[in-house]
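Report on one structure; see the data block that follows.
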Amino acid sequence: MIHRKKIKQRKDLRYFSKEYWRIHALVFFVLLATVIILIRLYDLQIVAYEEFREKAKNQYEFFETLNPERGEIFLREKQDQYPIAINQQLQMAYVVPKEVKNKEATIYKISDILQLDKNLVADKLSNLEDLFEILKHKLSDEEISKIHELKLEGVYLMPETFRFYPAGELSSQVVGFMGSDGEKVRGRYGIEAYWEKELNGKKGTLTQEKDTRGRWISIENREIQSAENGDSLVLTIDHTIQYETEKILKEIIEKHQAENGSAIVMEAKTGKILAMANQPTFNSNKFNEVEDISVFSNPSVSSVFECGSVFKPFVIAAGIDEGKISPETTYVDSGLVKEAGYSIKNSDGKSNGRQTMTQVLEKSLNTGAIFVEKMLGNKNFSEYVRRFGFGEKTGIDLPEEVNGNVKNLENLKRNIHFFTSAFGQGISMTALQLINAYAALANDGILMKPQIVDKIIHSDGTVEEIKPQEIRRVIKEDTAKQLGKMLRSVVVNGHGKRADVPGYLVGGKTGTAQVPKKEGGGYEDEITVGSFAGFAPVSDPQFVILVKIYNPKGVQWAESTAAPAFSKIMKFVLDYYRVESTEDYDVEKLKKYMPEQEIKPEPAVDPIVKEDDEKKDKKKTLN
């Protein structure tokens, strides 16, 4: 028994001897290698299957993305269309390095023809495995002809499409341009950006097997998923009206050395934009040469301003609509309203005694606007301001639109904010919001959505017309008609005389507003923004126009800058559409209203001053 135990012990010790350790180690490493191989096989065949499958396909398959043709953009031109953004097909030169037989000669000739650096061309020919190296885009006819003549091996031409803007600067801030966003070329700014998806279309694909030398195998089937071309757009903007509006705006800005300006022409009943002009502007074909990129944005929708007295018709309209006043309602103008430690005066610093509501608009009386606001009450006034569309985006199909700012009307207990808002200070809006609100006055009290796209021409040839869209009724029809007559009186008897058009009933209102300081609060001493907004004919409004001029030199009032520009644009539009004359006019009377020489009125006083500062002589303007 003892002997057997000893034998077993010797066997156990032998089991752990050096020879057995070698066997165990070998088995362990075999198993480990097997596990590693299995893991690697799993990784290659399961985890990385798609990656290696694609690599294999790339060795025997040719895959190409088929780019769609971008939709084009047109302006209206009466019954026709004017191309404003089109696709221009040009030639590109490229080289296949391994097909080049005489490298030195090719480098010399190509660099000479295409005016390229020889080292650059040599570098492009250095990689023989490369199947495609671009030499130059947008070849001239002369360059194309010389390449054809030389018939250089490995050098080829290929057509490529570029975006071209035939009118250059015309409507550039509305249309935008095609440019790189850092990753790809796409629509930037304006219509090009807002309608990028529709204009760009959908890409397609082409799959074809190739041999070891990279050549297509013609007997194999091709798999083609066709590209879907982009939609084309016809804008509501009329080419001729846009051109004339831009010309007039530029002339008035240069004449008065203003910093910038905007002018918008709108159909009164539909909300369609016939012209949207801004200065300064840029050439869409040369956007890369622009130093100040702020000119790319469309200030008519992306910049706000305090409009001043051009806002007063909305206060009067609200008062009439609520039955608080009529055009003949009177109040006594003392020339001064005191509130919360401030004295609010008329722009001319005068008291006018008993005045009607029509005279409030004619003489642009701040105290009269405050009188009506008090009759309405702060809450009611605030609601009308928002119903006219201020403080919210219009929803126009353009990028970068902003809301404007009417937050001063949120605290109903701060009367001073409501009083100043009644004559257009302390609240801000875009030029588009302002003209759209005037269009509501012209359209029997109905606010429309501003429209910039008239038709969509789909890639299959079908045409989709965009219908005008009503937002809401703001005031009663009768209220709107009464406002029309009052605004006509402003043009005949008030500050709007130079906005009149011979033979037509034109109504509108001026505004010369102070500009808020960028820092520290308060207003700039010398900078003003003048505007005129109105419509014609008052008896049956067809067109609404707004002109805004920022910081003109040598004049103080909008009646000397924006009003004459308004008159020129309105006259052109009425003549262009052959609108029948609605009034007989006296030429001598017209000369009196629209003198050749500028009339410089007395400097205005600051309308809002703290009572402690009333004695200070401040040369600020507001009417």
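Going by the structure tokens order, chains are called A, B, ..., each with residues numbered from 1, while ligands are numbered from 1 in the order shown.
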
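Neighbours of Asp397 of chain A closer than or equal to 7 Å, with only C-alpha atoms counted and sequence neighbours fewer than 2 positions away skipped, come out as Tyr194, Gly395, Pro399 and Ile452 of chain A.
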
For those residues, write C-alpha atoms to a file as a PDB file, in the first residue's frame.
```pdb
ATOM      1  CA  TYR A 194     -32.994  80.083 -48.712  1.00  0.00           C
ATOM      2  CA  GLY A 395     -42.259  85.044 -43.174  1.00  0.00           C
ATOM      3  CA  PRO A 399     -32.758  84.324 -45.055  1.00  0.00           C
ATOM      4  CA  ILE A 452     -40.812  87.238 -53.302  1.00  0.00           C
TER       5      ILE A 452
END
```

Item to check | Glu99 of chain A surroundings by only C-alpha atoms, 7 Å radius, close-in-sequence under 2 positions cut, as a list of chain:residue names | outcome: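 Contacts, with the query itself left out: A:Val96, A:Pro97, A:Lys101, A:Glu153, A:Gly154.
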
The selected residues should be written to file as an mmCIF file, in the first residue's frame (atoms: C-alpha atoms).
```cif
data_model
loop_
_atom_site.group_PDB
_atom_site.id
_atom_site.type_symbol
_atom_site.label_atom_id
_atom_site.label_comp_id
_atom_site.auth_asym_id
_atom_site.auth_seq_id
_atom_site.Cartn_x
_atom_site.Cartn_y
_atom_site.Cartn_z
ATOM 1 C CA VAL A 96 -4.023 61.738 -66.812
ATOM 2 C CA PRO A 97 -0.306 61.478 -65.800
ATOM 3 C CA LYS A 101 4.394 60.182 -73.230
ATOM 4 C CA GLU A 153 -1.436 62.812 -75.099
ATOM 5 C CA GLY A 154 -2.952 62.569 -71.632
#
```

Checklist entry - Between A:Ser531, A:Thr430, A:Thr462, A:Ser560, which has the minimum distance to Lys548 of chain A (counting only C-alpha atoms)? => result A:Ser531

Next on the checklist: I'd like the interatomic distance between atom CA of Phe287 of chain A and atom CA of Asp181 of chain A, to a tenth of an Å.
Outcome noted: 13.5 Å

Checklist entry - Can you list, as an NGL selection string, every protein, DNA or RNA residue that comes within 7 Å of Gly507 of chain A when you count only C-alpha atoms, leaving out same-chain residues fewer than 5 positions away? => result :A and (484 or 487-488 or 490-491 or 534-536 or 538)

Out of segment 191-412 of chain A, which residues get alpha helix (DSSP H) from DSSP, as a PDB file with C-alpha atoms, in the first residue's frame?
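Written output follows (selection-v2.pdb):
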```pdb
ATOM      1  CA  ILE A 191     -32.667  83.251 -52.671  1.00  0.00           C
ATOM      2  CA  GLU A 192     -29.670  81.033 -53.484  1.00  0.00           C
ATOM      3  CA  ALA A 193     -29.345  80.143 -49.791  1.00  0.00           C
ATOM      4  CA  TYR A 194     -32.994  80.083 -48.712  1.00  0.00           C
ATOM      5  CA  GLU A 196     -30.809  75.783 -51.670  1.00  0.00           C
ATOM      6  CA  LYS A 197     -32.528  72.387 -51.412  1.00  0.00           C
ATOM      7  CA  GLU A 198     -35.023  73.059 -54.198  1.00  0.00           C
ATOM      8  CA  LEU A 199     -32.508  74.752 -56.510  1.00  0.00           C
ATOM      9  CA  ASN A 200     -29.817  72.111 -55.993  1.00  0.00           C
ATOM     10  CA  HIS A 239     -36.529  93.501 -63.842  1.00  0.00           C
ATOM     11  CA  THR A 240     -37.341  96.973 -65.200  1.00  0.00           C
ATOM     12  CA  ILE A 241     -38.761  98.310 -61.932  1.00  0.00           C
ATOM     13  CA  GLN A 242     -35.850  96.868 -59.956  1.00  0.00           C
ATOM     14  CA  TYR A 243     -33.363  98.521 -62.300  1.00  0.00           C
ATOM     15  CA  GLU A 244     -35.061 101.923 -62.098  1.00  0.00           C
ATOM     16  CA  THR A 245     -35.493 101.716 -58.314  1.00  0.00           C
ATOM     17  CA  GLU A 246     -31.812 100.887 -57.813  1.00  0.00           C
ATOM     18  CA  LYS A 247     -30.817 103.753 -60.103  1.00  0.00           C
ATOM     19  CA  ILE A 248     -32.979 106.341 -58.293  1.00  0.00           C
ATOM     20  CA  LEU A 249     -31.884 105.126 -54.873  1.00  0.00           C
ATOM     21  CA  LYS A 250     -28.219 105.331 -55.829  1.00  0.00           C
ATOM     22  CA  GLU A 251     -28.677 108.844 -57.224  1.00  0.00           C
ATOM     23  CA  ILE A 252     -30.324 110.187 -54.059  1.00  0.00           C
ATOM     24  CA  ILE A 253     -27.698 108.588 -51.803  1.00  0.00           C
ATOM     25  CA  GLU A 254     -24.838 110.025 -53.837  1.00  0.00           C
ATOM     26  CA  LYS A 255     -26.523 113.439 -54.013  1.00  0.00           C
ATOM     27  CA  HIS A 256     -26.824 113.697 -50.234  1.00  0.00           C
ATOM     28  CA  PRO A 299     -30.787  95.157 -44.872  1.00  0.00           C
ATOM     29  CA  SER A 300     -34.450  95.359 -45.918  1.00  0.00           C
ATOM     30  CA  VAL A 301     -35.062  92.183 -43.900  1.00  0.00           C
ATOM     31  CA  SER A 302     -32.000  91.854 -41.647  1.00  0.00           C
ATOM     32  CA  LYS A 312     -48.028 107.891 -36.794  1.00  0.00           C
ATOM     33  CA  PRO A 313     -50.665 106.713 -39.328  1.00  0.00           C
ATOM     34  CA  PHE A 314     -50.908 103.381 -37.466  1.00  0.00           C
ATOM     35  CA  VAL A 315     -51.722 105.159 -34.191  1.00  0.00           C
ATOM     36  CA  ILE A 316     -54.385 107.257 -35.926  1.00  0.00           C
ATOM     37  CA  ALA A 317     -55.750 104.143 -37.668  1.00  0.00           C
ATOM     38  CA  ALA A 318     -56.063 102.318 -34.350  1.00  0.00           C
ATOM     39  CA  GLY A 319     -57.863 105.300 -32.806  1.00  0.00           C
ATOM     40  CA  ILE A 320     -60.364 105.510 -35.680  1.00  0.00           C
ATOM     41  CA  ASP A 321     -60.852 101.739 -35.751  1.00  0.00           C
ATOM     42  CA  MET A 357     -56.380 114.477 -36.357  1.00  0.00           C
ATOM     43  CA  THR A 358     -55.750 115.123 -40.053  1.00  0.00           C
ATOM     44  CA  GLN A 359     -53.617 118.103 -39.087  1.00  0.00           C
ATOM     45  CA  VAL A 360     -51.734 115.887 -36.637  1.00  0.00           C
ATOM     46  CA  LEU A 361     -50.529 113.894 -39.664  1.00  0.00           C
ATOM     47  CA  GLU A 362     -50.059 116.929 -41.904  1.00  0.00           C
ATOM     48  CA  ASN A 366     -45.887 114.314 -31.592  1.00  0.00           C
ATOM     49  CA  THR A 367     -48.343 115.630 -29.019  1.00  0.00           C
ATOM     50  CA  GLY A 368     -51.235 114.601 -31.281  1.00  0.00           C
ATOM     51  CA  ALA A 369     -49.938 111.031 -31.573  1.00  0.00           C
ATOM     52  CA  ILE A 370     -49.648 110.887 -27.769  1.00  0.00           C
ATOM     53  CA  PHE A 371     -53.225 112.238 -27.455  1.00  0.00           C
ATOM     54  CA  VAL A 372     -54.528 109.330 -29.557  1.00  0.00           C
ATOM     55  CA  GLU A 373     -52.387 106.772 -27.661  1.00  0.00           C
ATOM     56  CA  LYS A 374     -53.915 107.982 -24.384  1.00  0.00           C
ATOM     57  CA  MET A 375     -57.397 107.581 -25.872  1.00  0.00           C
ATOM     58  CA  LEU A 376     -56.575 104.015 -26.886  1.00  0.00           C
ATOM     59  CA  ASN A 378     -51.505 101.182 -23.465  1.00  0.00           C
ATOM     60  CA  LYS A 379     -52.816  97.623 -23.811  1.00  0.00           C
ATOM     61  CA  ASN A 380     -55.014  98.407 -26.799  1.00  0.00           C
ATOM     62  CA  PHE A 381     -52.264 100.379 -28.505  1.00  0.00           C
ATOM     63  CA  SER A 382     -49.781  97.533 -27.983  1.00  0.00           C
ATOM     64  CA  GLU A 383     -52.201  95.026 -29.518  1.00  0.00           C
ATOM     65  CA  TYR A 384     -52.651  97.140 -32.649  1.00  0.00           C
ATOM     66  CA  VAL A 385     -48.900  97.507 -33.050  1.00  0.00           C
ATOM     67  CA  ARG A 386     -48.546  93.738 -33.093  1.00  0.00           C
ATOM     68  CA  ARG A 387     -51.570  93.254 -35.347  1.00  0.00           C
TER      69      ARG A 387
END
```

Checklist entry - How far is it from atom CA of Ala277 of chain A to atom CA of Ile237 of chain A, in Å with one decimal? => result 10.4 Å

Checklist entry - Counting only C-alpha atoms, what is within 7 Å of Phe311 of chain A, bar same-chain residues fewer than 4 positions away, as a PyMOL selection string? => result chain A and resi 307+423-424

Item to check | Among the residues A:Lys269, A:Lys98, A:His495, A:Lys136, the one that comes closest to Gln542 of chain A [using only C-alpha atoms] | outcome: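 When distances to Gln542 of chain A are compared using only C-alpha atoms, the smallest one comes from A:Lys269.
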
Next on the checklist: Using only C-alpha atoms, can you tell me which of A:Asp238, A:Gln225, A:Leu125, A:Asn119 comes closest to Pro83 of chain A?
Outcome noted: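 Looking only at the distances to Pro83 of chain A, the closest residue turns out to be A:Asp238.
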